[in-house]
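Student: Quick one: the structure is below, and I'll ask about it shortly.
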Amino acid sequence: MQVPVPLDQMRVPTTRRYLMCAPRFFAVEYVINPWMDPSQPVSAERAVAQWTELRDTYRRLGHTVEEIDPQPGLPDMVFAANSGTVIDGRVLGSRFRAPQRTAEAEHFRRWFTEHGYRDITMPEKINEAEGDFAWTGKLLLAGTGFRTDPAAHAEAQETLGVPVVSLNLVDPRYYHLDTALFVLAEATDTTSAQIAYYPAAFSAGSQRVLARLFPDAVLATAADAECFGLNGVSDGRNVVLPLEATALAERLVARGYAPVMVDISELRKAGGGPKCCTLEIRK
């Protein structure tokens, strides 16, 4: 469902390239974040249907979506964003904190190798990739506090050759940066980046940093954050959001963005949303 935007406020989208993994083996069998509850029923069939609609939404918006084959025994492999950060064709892989997800990193490394990427680095520090890294076009915002090691921020700067700004997460419900912040529009030579975020997910110092760097940011409500509204994906105009993120959608329309609402209710049972399922490949 796409929310209409007045023509005089419309922004310009840019085409993107994404890597995704179908949730064929989706399940909630363990607890590695506050959203997971193995006692609650989960439907892999429904998860696949929601993921398929998300993938098809990207394609309808003109983006390229490539797919990696899911692997049995790795129910969280659907959350591809945690498996790599790609900027200017350089690939920084992942190293998961939870042992249940460790094997995912090698499958994604192989995918990049098999698809012609030569500049691939696997991290030495715990690094959950785009789960905790958000590229603004000029800066890499880097989260820590629950998953990614603070030392991984310096490793990312050295590997990717971009400046990194560290941000501290303080609410365990928002254990990755991509559950509390996302980039609406990347910076260009003539325009600044714009982000959306939920302030209460960050330490006081990190809130001051964000306010200084992004004074025109879109601030989300607690209700937006709780439905994974900050786990959105933007192409500079079209913003893919969970159905329930209605207040955030209204604020985005007022800024000239076009919200595209999708159902991720089944995927959310494992602590994921649109961005978690979407690794962006920037060449």
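Each chain of the structure tokens is named A, B, ... in the order shown, its residues numbered from 1; ligands are numbered from 1 in display order.
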How close does range 22-105 of chain A get to range 272-278 of chain A? List, as CSV, each residue of range 22-105 of chain A within 8 Å, its nearest atom pair and the distance in Å to one decimal, counting only C-alpha atoms.

Tutor:
```
residue,atom,partner,partner_atom,distance
A:Trp51,CA,A:Cys277,CA,8.0
A:Leu54,CA,A:Pro274,CA,7.2
A:Val78,CA,A:Cys277,CA,5.8
A:Phe79,CA,A:Cys277,CA,4.3
A:Ala80,CA,A:Cys277,CA,5.1
A:Ala81,CA,A:Cys276,CA,5.1
A:Asn82,CA,A:Cys276,CA,7.0
```

Student: Fewer than 4 positions away in the same chain doesn't count, so skip those; otherwise give me all residues within 7 Å of range 241-250 of chain A, counting only C-alpha atoms, as a PyMOL selection string.

Tutor: chain A and resi 220+224+227-229+232+254+259-264+274

Student: Hey, can you spit out that residue selection with N, CA, C and O atoms as a compact mmCIF listing (two decimals), in the first residue's frame?

Tutor:
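To be explicit, this is the file written out as again.txt:
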```
# COMPACT_ATOMS: atom_id res chain seq x y z
N ALA A 220 10.88 9.62 15.49
CA ALA A 220 9.80 8.64 15.58
C ALA A 220 9.25 8.56 16.99
O ALA A 220 9.93 8.87 17.98
N ASP A 224 5.96 3.91 16.91
CA ASP A 224 6.63 3.63 15.64
C ASP A 224 7.79 2.66 15.86
O ASP A 224 8.00 1.72 15.09
N CYS A 227 6.84 -1.13 16.59
CA CYS A 227 6.38 -1.95 15.46
C CYS A 227 7.47 -2.11 14.40
O CYS A 227 7.20 -2.58 13.30
N PHE A 228 8.71 -1.70 14.73
CA PHE A 228 9.85 -1.77 13.83
C PHE A 228 9.75 -0.77 12.68
O PHE A 228 10.26 -0.98 11.59
N GLY A 229 9.10 0.38 12.97
CA GLY A 229 9.01 1.43 11.97
C GLY A 229 10.36 2.01 11.58
O GLY A 229 10.53 2.50 10.46
N GLY A 232 13.08 0.65 8.46
CA GLY A 232 12.58 0.96 7.13
C GLY A 232 13.68 0.95 6.09
O GLY A 232 14.88 0.90 6.40
N ALA A 254 4.77 14.50 5.13
CA ALA A 254 4.94 15.94 5.32
C ALA A 254 6.31 16.41 4.85
O ALA A 254 6.48 17.60 4.54
N PRO A 259 5.55 6.89 1.66
CA PRO A 259 5.58 5.63 2.40
C PRO A 259 4.92 4.50 1.61
O PRO A 259 3.88 4.69 0.97
N VAL A 260 5.52 3.32 1.69
CA VAL A 260 4.99 2.10 1.09
C VAL A 260 4.87 1.10 2.22
O VAL A 260 5.88 0.64 2.77
N MET A 261 3.66 0.75 2.60
CA MET A 261 3.42 -0.04 3.80
C MET A 261 3.35 -1.53 3.48
O MET A 261 2.66 -1.93 2.53
N VAL A 262 4.05 -2.34 4.26
CA VAL A 262 4.06 -3.79 4.05
C VAL A 262 3.81 -4.51 5.38
O VAL A 262 4.09 -3.97 6.45
N ASP A 263 3.33 -5.71 5.29
CA ASP A 263 3.06 -6.54 6.47
C ASP A 263 4.29 -7.38 6.78
O ASP A 263 4.69 -8.22 5.96
N ILE A 264 4.90 -7.17 7.94
CA ILE A 264 6.07 -7.97 8.34
C ILE A 264 5.81 -8.62 9.70
O ILE A 264 6.73 -8.94 10.43
N PRO A 274 11.62 -4.86 7.46
CA PRO A 274 12.08 -4.69 6.08
C PRO A 274 13.59 -4.57 5.93
O PRO A 274 14.20 -5.27 5.10
```

Student: At a cut-off of 9 Å, using only C-alpha atoms, what residues contact range 144-158 of chain A? Leave out same-chain residues fewer than 5 positions from it and give the result as a PyMOL selection string.

Tutor: chain A and resi 85+92+95-98+123-129+131-133+163-172+174-177

Student: Rounded to one decimal in Å, what is the spacing between CA of Gln40 in chain A and CA of Pro72 in chain A?

Tutor: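 So the two atoms, CA of Gln40 in chain A and CA of Pro72 in chain A, lie 20.8 Å apart.
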
Student: If you run DSSP over the backbone, which residues in range 12-132 of chain A end up helix (DSSP H, G or I)? Put them as a ChimeraX atom specification.

Tutor: /A:44-60,80-83,99-101,104-114,129-131

Student: Looking at A:Met77, A:Met10, A:Leu252, A:Met36, which one is nearest to Gln194 in chain A, with distances taken over only C-alpha atoms?

Tutor: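 So, comparing all the options, the nearest one is A:Leu252.
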
Student: Can you tell me which residues surround Asp69 in chain A at a distance of at most 10 Å, considering only C-alpha atoms, apart from same-chain residues fewer than 5 positions away, and format the answer as a list in words?

Tutor: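 Contacts, in chain order: Met20, Cys21, Ala22, Pro23, Arg24, Met77, Val78, His107, Phe108 and Trp111 of chain A.
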
Student: Take the residues from that selection and write them out as a compact mmCIF listing (two decimals), in the first residue's frame, keeping N, CA, C and O atoms.

Tutor:
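The file below, result.txt, is the result:
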```
# COMPACT_ATOMS: atom_id res chain seq x y z
N MET A 20 18.88 -10.49 -0.86
CA MET A 20 17.90 -11.00 0.09
C MET A 20 17.97 -12.52 0.16
O MET A 20 18.54 -13.17 -0.73
N CYS A 21 17.38 -13.08 1.22
CA CYS A 21 17.38 -14.53 1.42
C CYS A 21 15.98 -14.96 1.87
O CYS A 21 15.48 -14.49 2.90
N ALA A 22 15.36 -15.83 1.11
CA ALA A 22 14.00 -16.27 1.43
C ALA A 22 13.97 -17.03 2.76
O ALA A 22 14.88 -17.80 3.06
N PRO A 23 12.92 -16.83 3.56
CA PRO A 23 12.82 -17.48 4.88
C PRO A 23 12.25 -18.89 4.79
O PRO A 23 11.31 -19.25 5.52
N ARG A 24 12.80 -19.70 3.91
CA ARG A 24 12.28 -21.06 3.70
C ARG A 24 12.35 -21.89 4.98
O ARG A 24 11.51 -22.76 5.23
N MET A 77 18.74 -16.62 8.69
CA MET A 77 19.48 -16.20 7.50
C MET A 77 18.68 -15.23 6.64
O MET A 77 19.25 -14.50 5.82
N VAL A 78 17.36 -15.23 6.82
CA VAL A 78 16.50 -14.27 6.11
C VAL A 78 16.93 -12.83 6.40
O VAL A 78 16.74 -11.94 5.55
N HIS A 107 28.40 -18.33 4.33
CA HIS A 107 27.53 -18.48 3.15
C HIS A 107 27.47 -17.17 2.36
O HIS A 107 27.52 -17.18 1.12
N PHE A 108 27.39 -16.05 3.06
CA PHE A 108 27.36 -14.76 2.37
C PHE A 108 28.72 -14.44 1.77
O PHE A 108 28.80 -13.88 0.67
N TRP A 111 28.88 -16.17 -1.42
CA TRP A 111 28.04 -15.55 -2.45
C TRP A 111 28.77 -14.40 -3.11
O TRP A 111 28.78 -14.28 -4.35
```

Student: List every residue of range 88-163 of chain A that DSSP, applied to the backbone of this structure, places in strand (DSSP E), and write the result as number ranges by chain.

Tutor: A: 90-92, 120-121, 133-135, 140-144

Student: Those residues you just picked out, can you put them in a file as an mmCIF file, in the first residue's frame with all heavy atoms?

Tutor:
```cif
data_model
loop_
_atom_site.group_PDB
_atom_site.id
_atom_site.type_symbol
_atom_site.label_atom_id
_atom_site.label_comp_id
_atom_site.auth_asym_id
_atom_site.auth_seq_id
_atom_site.Cartn_x
_atom_site.Cartn_y
_atom_site.Cartn_z
ATOM 1 N N ARG A 90 33.493 -2.423 -2.071
ATOM 2 C CA ARG A 90 34.256 -3.119 -1.024
ATOM 3 C C ARG A 90 33.277 -3.816 -0.090
ATOM 4 O O ARG A 90 32.301 -3.224 0.337
ATOM 5 C CB ARG A 90 35.109 -2.134 -0.222
ATOM 6 C CG ARG A 90 36.219 -1.473 -1.006
ATOM 7 C CD ARG A 90 37.111 -0.674 -0.053
ATOM 8 N NE ARG A 90 38.167 0.006 -0.767
ATOM 9 C CZ ARG A 90 38.091 1.256 -1.206
ATOM 10 N NH1 ARG A 90 36.988 1.951 -0.996
ATOM 11 N NH2 ARG A 90 39.104 1.814 -1.841
ATOM 12 N N VAL A 91 33.595 -5.057 0.233
ATOM 13 C CA VAL A 91 32.713 -5.864 1.079
ATOM 14 C C VAL A 91 33.380 -6.116 2.426
ATOM 15 O O VAL A 91 34.476 -6.673 2.488
ATOM 16 C CB VAL A 91 32.384 -7.213 0.415
ATOM 17 C CG1 VAL A 91 31.444 -8.030 1.308
ATOM 18 C CG2 VAL A 91 31.777 -7.008 -0.969
ATOM 19 N N LEU A 92 32.713 -5.697 3.482
ATOM 20 C CA LEU A 92 33.115 -6.065 4.839
ATOM 21 C C LEU A 92 32.077 -7.052 5.340
ATOM 22 O O LEU A 92 30.904 -6.720 5.465
ATOM 23 C CB LEU A 92 33.170 -4.836 5.743
ATOM 24 C CG LEU A 92 33.501 -5.089 7.226
ATOM 25 C CD1 LEU A 92 34.864 -5.755 7.375
ATOM 26 C CD2 LEU A 92 33.444 -3.788 8.023
ATOM 27 N N ILE A 120 37.077 -8.358 -0.536
ATOM 28 C CA ILE A 120 36.239 -8.872 0.557
ATOM 29 C C ILE A 120 37.098 -9.035 1.805
ATOM 30 O O ILE A 120 38.164 -9.666 1.756
ATOM 31 C CB ILE A 120 35.607 -10.228 0.193
ATOM 32 C CG1 ILE A 120 34.791 -10.123 -1.104
ATOM 33 C CG2 ILE A 120 34.745 -10.743 1.334
ATOM 34 C CD1 ILE A 120 34.300 -11.463 -1.614
ATOM 35 N N THR A 121 36.643 -8.475 2.910
ATOM 36 C CA THR A 121 37.341 -8.608 4.186
ATOM 37 C C THR A 121 36.385 -9.191 5.211
ATOM 38 O O THR A 121 35.262 -8.697 5.376
ATOM 39 C CB THR A 121 37.840 -7.239 4.685
ATOM 40 O OG1 THR A 121 38.729 -6.682 3.711
ATOM 41 C CG2 THR A 121 38.561 -7.373 6.015
ATOM 42 N N PHE A 133 25.374 -0.821 11.005
ATOM 43 C CA PHE A 133 26.016 0.192 10.173
ATOM 44 C C PHE A 133 24.996 0.808 9.222
ATOM 45 O O PHE A 133 24.271 0.084 8.528
ATOM 46 C CB PHE A 133 27.153 -0.417 9.346
ATOM 47 C CG PHE A 133 28.356 -0.849 10.148
ATOM 48 C CD1 PHE A 133 29.100 -1.945 9.764
ATOM 49 C CD2 PHE A 133 28.734 -0.163 11.292
ATOM 50 C CE1 PHE A 133 30.209 -2.344 10.488
ATOM 51 C CE2 PHE A 133 29.842 -0.561 12.041
ATOM 52 C CZ PHE A 133 30.589 -1.655 11.632
ATOM 53 N N ALA A 134 24.953 2.138 9.169
ATOM 54 C CA ALA A 134 24.041 2.845 8.270
ATOM 55 C C ALA A 134 24.838 3.881 7.482
ATOM 56 O O ALA A 134 25.391 4.824 8.064
ATOM 57 C CB ALA A 134 22.924 3.517 9.059
ATOM 58 N N TRP A 135 24.903 3.720 6.174
ATOM 59 C CA TRP A 135 25.659 4.618 5.314
ATOM 60 C C TRP A 135 24.804 5.826 4.950
ATOM 61 O O TRP A 135 23.688 5.673 4.455
ATOM 62 C CB TRP A 135 26.098 3.877 4.057
ATOM 63 C CG TRP A 135 26.810 4.708 3.029
ATOM 64 C CD1 TRP A 135 26.434 4.923 1.746
ATOM 65 C CD2 TRP A 135 28.055 5.406 3.203
ATOM 66 N NE1 TRP A 135 27.345 5.720 1.102
ATOM 67 C CE2 TRP A 135 28.352 6.038 1.973
ATOM 68 C CE3 TRP A 135 28.930 5.577 4.287
ATOM 69 C CZ2 TRP A 135 29.497 6.812 1.790
ATOM 70 C CZ3 TRP A 135 30.068 6.354 4.097
ATOM 71 C CH2 TRP A 135 30.348 6.952 2.877
ATOM 72 N N LEU A 140 29.544 6.785 7.913
ATOM 73 C CA LEU A 140 28.973 5.509 8.315
ATOM 74 C C LEU A 140 28.597 5.617 9.786
ATOM 75 O O LEU A 140 29.463 5.726 10.657
ATOM 76 C CB LEU A 140 29.985 4.375 8.109
ATOM 77 C CG LEU A 140 29.460 2.959 8.329
ATOM 78 C CD1 LEU A 140 28.422 2.597 7.273
ATOM 79 C CD2 LEU A 140 30.599 1.944 8.340
ATOM 80 N N LEU A 141 27.295 5.621 10.061
ATOM 81 C CA LEU A 141 26.832 5.608 11.443
ATOM 82 C C LEU A 141 26.946 4.182 11.960
ATOM 83 O O LEU A 141 26.501 3.235 11.293
ATOM 84 C CB LEU A 141 25.395 6.100 11.531
ATOM 85 C CG LEU A 141 25.143 7.510 10.989
ATOM 86 C CD1 LEU A 141 23.666 7.873 11.115
ATOM 87 C CD2 LEU A 141 26.014 8.541 11.693
ATOM 88 N N ALA A 142 27.536 4.021 13.141
ATOM 89 C CA ALA A 142 27.854 2.682 13.642
ATOM 90 C C ALA A 142 27.321 2.505 15.054
ATOM 91 O O ALA A 142 27.672 3.266 15.962
ATOM 92 C CB ALA A 142 29.368 2.461 13.612
ATOM 93 N N GLY A 143 26.472 1.498 15.230
ATOM 94 C CA GLY A 143 25.877 1.238 16.529
ATOM 95 C C GLY A 143 26.659 0.227 17.341
ATOM 96 O O GLY A 143 27.343 -0.647 16.802
ATOM 97 N N THR A 144 26.548 0.352 18.654
ATOM 98 C CA THR A 144 27.130 -0.612 19.574
ATOM 99 C C THR A 144 26.315 -0.588 20.862
ATOM 100 O O THR A 144 25.470 0.280 21.050
ATOM 101 C CB THR A 144 28.615 -0.303 19.860
ATOM 102 O OG1 THR A 144 29.199 -1.398 20.578
ATOM 103 C CG2 THR A 144 28.776 0.984 20.656
#
```

Student: Out of A:Leu279, A:Tyr117, A:Pro34, A:Ser43, which residue has the shortest atom-to-atom distance to Arg17 in chain A when counting only C-alpha atoms?

Tutor: A:Leu279

Student: For the atom pair CA of Val86 in chain A and CA of Ala185 in chain A, what is the interatomic distance in Å to one decimal place?

Tutor: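 Distance between the two atoms: 17.3 Å.
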
Student: Quick one: everything within 8 Å of Val28 in chain A, counting only C-alpha atoms, minus sequence neighbours fewer than 4 positions away in the same chain. Send it as a VMD selection string.

Tutor: chain A and resid 36 to 38 42 75 269 to 270

Student: Those same residues, written as a PDB file, in the first residue's frame with N, CA and C atoms?

Tutor:
```
ATOM      1  N   MET A  36      11.926 -12.435  20.502  1.00  0.00           N
ATOM      2  CA  MET A  36      11.798 -13.858  20.190  1.00  0.00           C
ATOM      3  C   MET A  36      11.174 -14.627  21.352  1.00  0.00           C
ATOM      4  N   ASP A  37      10.181 -15.460  21.036  1.00  0.00           N
ATOM      5  CA  ASP A  37       9.504 -16.274  22.042  1.00  0.00           C
ATOM      6  C   ASP A  37       9.187 -17.632  21.414  1.00  0.00           C
ATOM      7  N   PRO A  38      10.035 -18.640  21.658  1.00  0.00           N
ATOM      8  CA  PRO A  38       9.819 -19.960  21.043  1.00  0.00           C
ATOM      9  C   PRO A  38       8.496 -20.611  21.412  1.00  0.00           C
ATOM     10  N   VAL A  42       4.741 -20.004  15.027  1.00  0.00           N
ATOM     11  CA  VAL A  42       5.350 -19.289  13.908  1.00  0.00           C
ATOM     12  C   VAL A  42       5.030 -20.038  12.628  1.00  0.00           C
ATOM     13  N   PRO A  75      17.690 -20.471  10.669  1.00  0.00           N
ATOM     14  CA  PRO A  75      16.379 -19.827  10.515  1.00  0.00           C
ATOM     15  C   PRO A  75      16.439 -18.314  10.415  1.00  0.00           C
ATOM     16  N   LYS A 269       8.337 -11.549  14.632  1.00  0.00           N
ATOM     17  CA  LYS A 269       8.412 -12.494  15.754  1.00  0.00           C
ATOM     18  C   LYS A 269       9.843 -12.937  16.035  1.00  0.00           C
ATOM     19  N   ALA A 270      10.719 -12.785  15.042  1.00  0.00           N
ATOM     20  CA  ALA A 270      12.135 -13.097  15.241  1.00  0.00           C
ATOM     21  C   ALA A 270      12.958 -11.831  15.431  1.00  0.00           C
TER      22      ALA A 270
END
```

Student: What does the distance from CA of Gly271 in chain A to CA of Ala49 in chain A come to in Å, to one decimal?

Tutor: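 Rounded to one decimal, the two atoms are 17.2 Å apart.
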